[in-house]
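A.B. asks: Structure supplied as work18.cif; contents: mmCIF, C-alpha atoms.
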data_final
#
loop_
_atom_site.group_PDB
_atom_site.id
_atom_site.type_symbol
_atom_site.label_atom_id
_atom_site.label_comp_id
_atom_site.auth_asym_id
_atom_site.auth_seq_id
_atom_site.Cartn_x
_atom_site.Cartn_y
_atom_site.Cartn_z
ATOM 1 C CA THR E 1 -18.000 26.637 -31.344
ATOM 2 C CA THR E 2 -18.830 24.469 -34.330
ATOM 3 C CA ILE E 3 -21.121 24.186 -37.316
ATOM 4 C CA PHE E 4 -24.425 22.360 -37.038
ATOM 5 C CA PRO E 5 -23.894 18.708 -37.956
ATOM 6 C CA GLY E 6 -25.300 17.280 -41.138
ATOM 7 C CA CYS E 7 -27.564 14.262 -41.015
ATOM 8 C CA TYR E 8 -26.160 11.103 -42.534
ATOM 9 C CA ALA E 9 -27.987 7.881 -43.327
ATOM 10 C CA GLY E 10 -28.939 5.812 -40.291
ATOM 11 C CA ARG E 11 -28.245 8.432 -37.612
ATOM 12 C CA MET E 12 -30.085 11.371 -36.117
ATOM 13 C CA PRO E 13 -28.004 14.573 -36.081
ATOM 14 C CA HIS E 14 -25.600 14.499 -33.142
ATOM 15 C CA ILE E 15 -22.243 15.716 -31.858
ATOM 16 C CA HIS E 16 -19.842 13.509 -29.905
ATOM 17 C CA PHE E 17 -18.022 14.801 -26.858
ATOM 18 C CA GLU E 18 -15.401 13.402 -24.511
ATOM 19 C CA VAL E 19 -15.016 13.910 -20.757
ATOM 20 C CA TYR E 20 -11.567 14.045 -19.165
ATOM 21 C CA ALA E 21 -10.532 14.149 -15.510
ATOM 22 C CA SER E 22 -9.333 17.747 -15.923
ATOM 23 C CA LEU E 23 -8.700 20.404 -18.545
ATOM 24 C CA ALA E 24 -4.994 19.568 -18.356
ATOM 25 C CA ALA E 25 -5.745 15.902 -19.019
ATOM 26 C CA ALA E 26 -7.836 16.840 -22.043
ATOM 27 C CA THR E 27 -4.841 18.539 -23.645
ATOM 28 C CA THR E 28 -2.045 16.191 -22.492
ATOM 29 C CA THR E 29 -3.648 12.748 -22.199
ATOM 30 C CA PRO E 30 -3.093 10.213 -24.981
ATOM 31 C CA ALA E 31 -6.107 9.511 -27.177
ATOM 32 C CA GLY E 32 -8.367 6.903 -25.635
ATOM 33 C CA ASP E 33 -7.762 7.963 -22.020
ATOM 34 C CA GLN E 34 -10.963 9.965 -21.679
ATOM 35 C CA VAL E 35 -13.216 9.219 -18.703
ATOM 36 C CA ARG E 36 -16.329 8.981 -20.890
ATOM 37 C CA THR E 37 -17.423 9.547 -24.493
ATOM 38 C CA SER E 38 -21.009 10.371 -25.340
ATOM 39 C CA GLN E 39 -23.083 12.413 -27.741
ATOM 40 C CA LEU E 40 -25.765 15.026 -27.744
ATOM 41 C CA ALA E 41 -28.809 15.051 -29.969
ATOM 42 C CA PHE E 42 -30.887 17.958 -31.232
ATOM 43 C CA PRO E 43 -34.660 18.543 -31.180
ATOM 44 C CA ASN E 44 -36.390 17.824 -34.492
ATOM 45 C CA ALA E 45 -37.652 21.404 -34.872
ATOM 46 C CA VAL E 46 -34.095 22.762 -34.688
ATOM 47 C CA CYS E 47 -32.902 20.258 -37.292
ATOM 48 C CA ASP E 48 -35.801 21.200 -39.584
ATOM 49 C CA ALA E 49 -34.906 24.903 -39.308
ATOM 50 C CA VAL E 50 -31.192 24.382 -39.954
ATOM 51 C CA TYR E 51 -31.682 21.969 -42.824
ATOM 52 C CA ALA E 52 -33.998 24.476 -44.525
ATOM 53 C CA THR E 53 -30.957 26.761 -44.975
ATOM 54 C CA SER E 54 -28.479 26.437 -47.831
ATOM 55 C CA GLY E 55 -25.803 23.757 -47.757
ATOM 56 C CA TYR E 56 -27.817 20.955 -46.189
ATOM 57 C CA SER E 57 -29.586 19.377 -49.177
ATOM 58 C CA ALA E 58 -28.349 15.838 -48.423
ATOM 59 C CA SER E 59 -29.319 16.270 -44.771
ATOM 60 C CA ILE E 60 -32.912 17.104 -45.716
ATOM 61 C CA ARG E 61 -33.273 13.736 -47.461
ATOM 62 C CA ASN E 62 -31.467 11.783 -44.720
ATOM 63 C CA PHE E 63 -33.365 13.500 -41.891
ATOM 64 C CA ALA E 64 -36.700 12.702 -43.527
ATOM 65 C CA ALA E 65 -35.780 9.010 -43.454
ATOM 66 C CA ILE E 66 -34.710 8.750 -39.791
ATOM 67 C CA SER E 67 -36.206 9.122 -36.323
ATOM 68 C CA PHE E 68 -34.986 8.582 -32.783
ATOM 69 C CA ALA E 69 -36.898 5.279 -32.789
ATOM 70 C CA SER E 70 -35.095 4.015 -35.906
ATOM 71 C CA ASP E 71 -31.643 5.476 -35.134
ATOM 72 C CA ASN E 72 -29.145 2.640 -34.587
ATOM 73 C CA VAL E 73 -27.868 4.220 -31.330
ATOM 74 C CA PHE E 74 -30.647 6.432 -29.933
ATOM 75 C CA SER E 75 -33.356 3.790 -30.473
ATOM 76 C CA ASP E 76 -32.795 2.453 -26.951
ATOM 77 C CA GLY E 77 -33.425 5.886 -25.422
ATOM 78 C CA TYR E 78 -32.250 9.418 -26.029
ATOM 79 C CA SER E 79 -33.847 11.606 -23.360
ATOM 80 C CA THR E 80 -30.600 12.002 -21.395
ATOM 81 C CA GLN E 81 -28.723 12.965 -24.572
ATOM 82 C CA LEU E 82 -31.240 15.456 -26.009
ATOM 83 C CA ALA E 83 -29.839 18.973 -25.734
ATOM 84 C CA THR E 84 -31.879 22.030 -24.864
ATOM 85 C CA VAL E 85 -31.302 24.399 -27.771
ATOM 86 C CA THR E 86 -31.890 28.148 -27.970
ATOM 87 C CA GLY E 87 -31.263 30.565 -30.809
ATOM 88 C CA ASP E 88 -32.022 30.651 -34.511
ATOM 89 C CA THR E 89 -30.435 30.160 -37.908
ATOM 90 C CA THR E 90 -29.535 33.855 -38.186
ATOM 91 C CA SER E 91 -27.752 34.445 -34.868
ATOM 92 C CA GLY E 92 -26.711 30.859 -34.183
ATOM 93 C CA TYR E 93 -27.685 28.273 -31.622
ATOM 94 C CA THR E 94 -26.570 27.361 -28.132
ATOM 95 C CA ALA E 95 -27.003 23.749 -27.063
ATOM 96 C CA ASN E 96 -27.002 22.786 -23.390
ATOM 97 C CA LEU E 97 -26.867 19.331 -21.911
ATOM 98 C CA GLN E 98 -26.346 18.469 -18.257
ATOM 99 C CA VAL E 99 -24.248 15.321 -18.051
ATOM 100 C CA GLY E 100 -23.816 13.238 -14.947
ATOM 101 C CA ILE E 101 -20.587 11.280 -14.604
ATOM 102 C CA ALA E 102 -20.372 8.329 -12.248
ATOM 103 C CA ALA E 103 -16.908 7.853 -10.819
#
Could you quickly redo this structure as structure tokens?
C.D. replies:
Amino acid sequence: TTIFPGCYAGRMPHIHFEVYASLAAATTTPAGDQVRTSQLAFPNAVCDAVYATSGYSASIRNFAAISFASDNVFSDGYSTQLATVTGDTTSGYTANLQVGIAA
């Protein structure tokens, strides 16, 4: 559970996540020992809806100036990092992303 991320200059809205070998490893492993680190992105329509609510005034301006094509990370492709999002600004959102991990 988290809040929806703001949009800062140069980046599309995203949330980072880390993958560990097990739940135990995630809570006992020293920082930097994760198997993988990645991020998930959000559909534009969801960002537009969230940023139209109070508290996101800076994000409105930053989001208007960015796209996946101009993002300094997602510009080389984002389809595998784009979450499927359900919900709304009143009841909240659920983001889903299937992530494959190569051993």
A.B. asks: Name the residues that the PyMOL selection byres ((chain E and resi 59) around 12) picks from the file above, as a ChimeraX atom specification, using the file's chain letters and numbers.
C.D. replies: /E:4-13,47-58,60-66
A.B. asks: In Å, rounded to a single decimal, give me how far CA of Val19 (chain E) is from CA of Ser91 (chain E).
C.D. replies: 28.0 Å
A.B. asks: One number please: CA of Leu82 (chain E) to CA of His16 (chain E), in Å, one decimal.
C.D. replies: 12.2 Å
A.B. asks: Running the PyMOL selection byres ((chain E and resi 35) around 7) on this model by hand, what would come out? Give it as a list in words.
C.D. replies: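 Checked against the file, the PyMOL selection byres ((chain E and resi 35) around 7) matches Val19, Tyr20, Ala21, Asp33, Gln34 and Arg36 of chain E.
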A.B. asks: Within 9 Å of Gln98 (chain E), counting all atoms listed in the file, which residues qualify if same-chain residues fewer than 5 places away don't, as a ChimeraX atom specification?
C.D. replies: /E:80-81,83
A.B. asks: Expanded to explicit residues, what is the PyMOL selection byres ((chain E and resi 39) around 9) for this file, as an mmCIF file with C-alpha atoms, in the frame of the given file?
C.D. replies:
data_model
loop_
_atom_site.group_PDB
_atom_site.id
_atom_site.type_symbol
_atom_site.label_atom_id
_atom_site.label_comp_id
_atom_site.auth_asym_id
_atom_site.auth_seq_id
_atom_site.Cartn_x
_atom_site.Cartn_y
_atom_site.Cartn_z
ATOM 1 C CA HIS E 14 -25.600 14.499 -33.142
ATOM 2 C CA ILE E 15 -22.243 15.716 -31.858
ATOM 3 C CA HIS E 16 -19.842 13.509 -29.905
ATOM 4 C CA PHE E 17 -18.022 14.801 -26.858
ATOM 5 C CA GLU E 18 -15.401 13.402 -24.511
ATOM 6 C CA THR E 37 -17.423 9.547 -24.493
ATOM 7 C CA SER E 38 -21.009 10.371 -25.340
ATOM 8 C CA LEU E 40 -25.765 15.026 -27.744
ATOM 9 C CA ALA E 41 -28.809 15.051 -29.969
ATOM 10 C CA GLN E 81 -28.723 12.965 -24.572
ATOM 11 C CA LEU E 82 -31.240 15.456 -26.009
#
A.B. asks: Find the distance between CA of Thr27 (chain E) and CA of Thr84 (chain E) and write it in Å to one decimal.
C.D. replies: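 These two atoms are separated by 27.3 Å.
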A.B. asks: Pick from E:Ser79, E:Thr89, E:Asn44, E:Thr28: nearest to Ser67 (chain E), with only C-alpha atoms counted?
C.D. replies: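 Using only C-alpha atoms, Ser67 (chain E) sits closest to E:Asn44.
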A.B. asks: Considering all atoms listed in the file, can you say which of E:Ala102, E:Leu97, E:Pro43, E:Leu23 comes closest to Phe68 (chain E)?
C.D. replies: E:Pro43
A.B. asks: Around all of region 17-26 of chain E's listed atoms, make the axis-aligned box with 6 Å on each side and tell me centre and edge lengths in Å to one decimal, as lines of an AutoDock Vina configuration file.
C.D. replies:
center_x = -11.5
center_y = 16.9
center_z = -21.2
size_x = 25.0
size_y = 19.0
size_z = 23.3
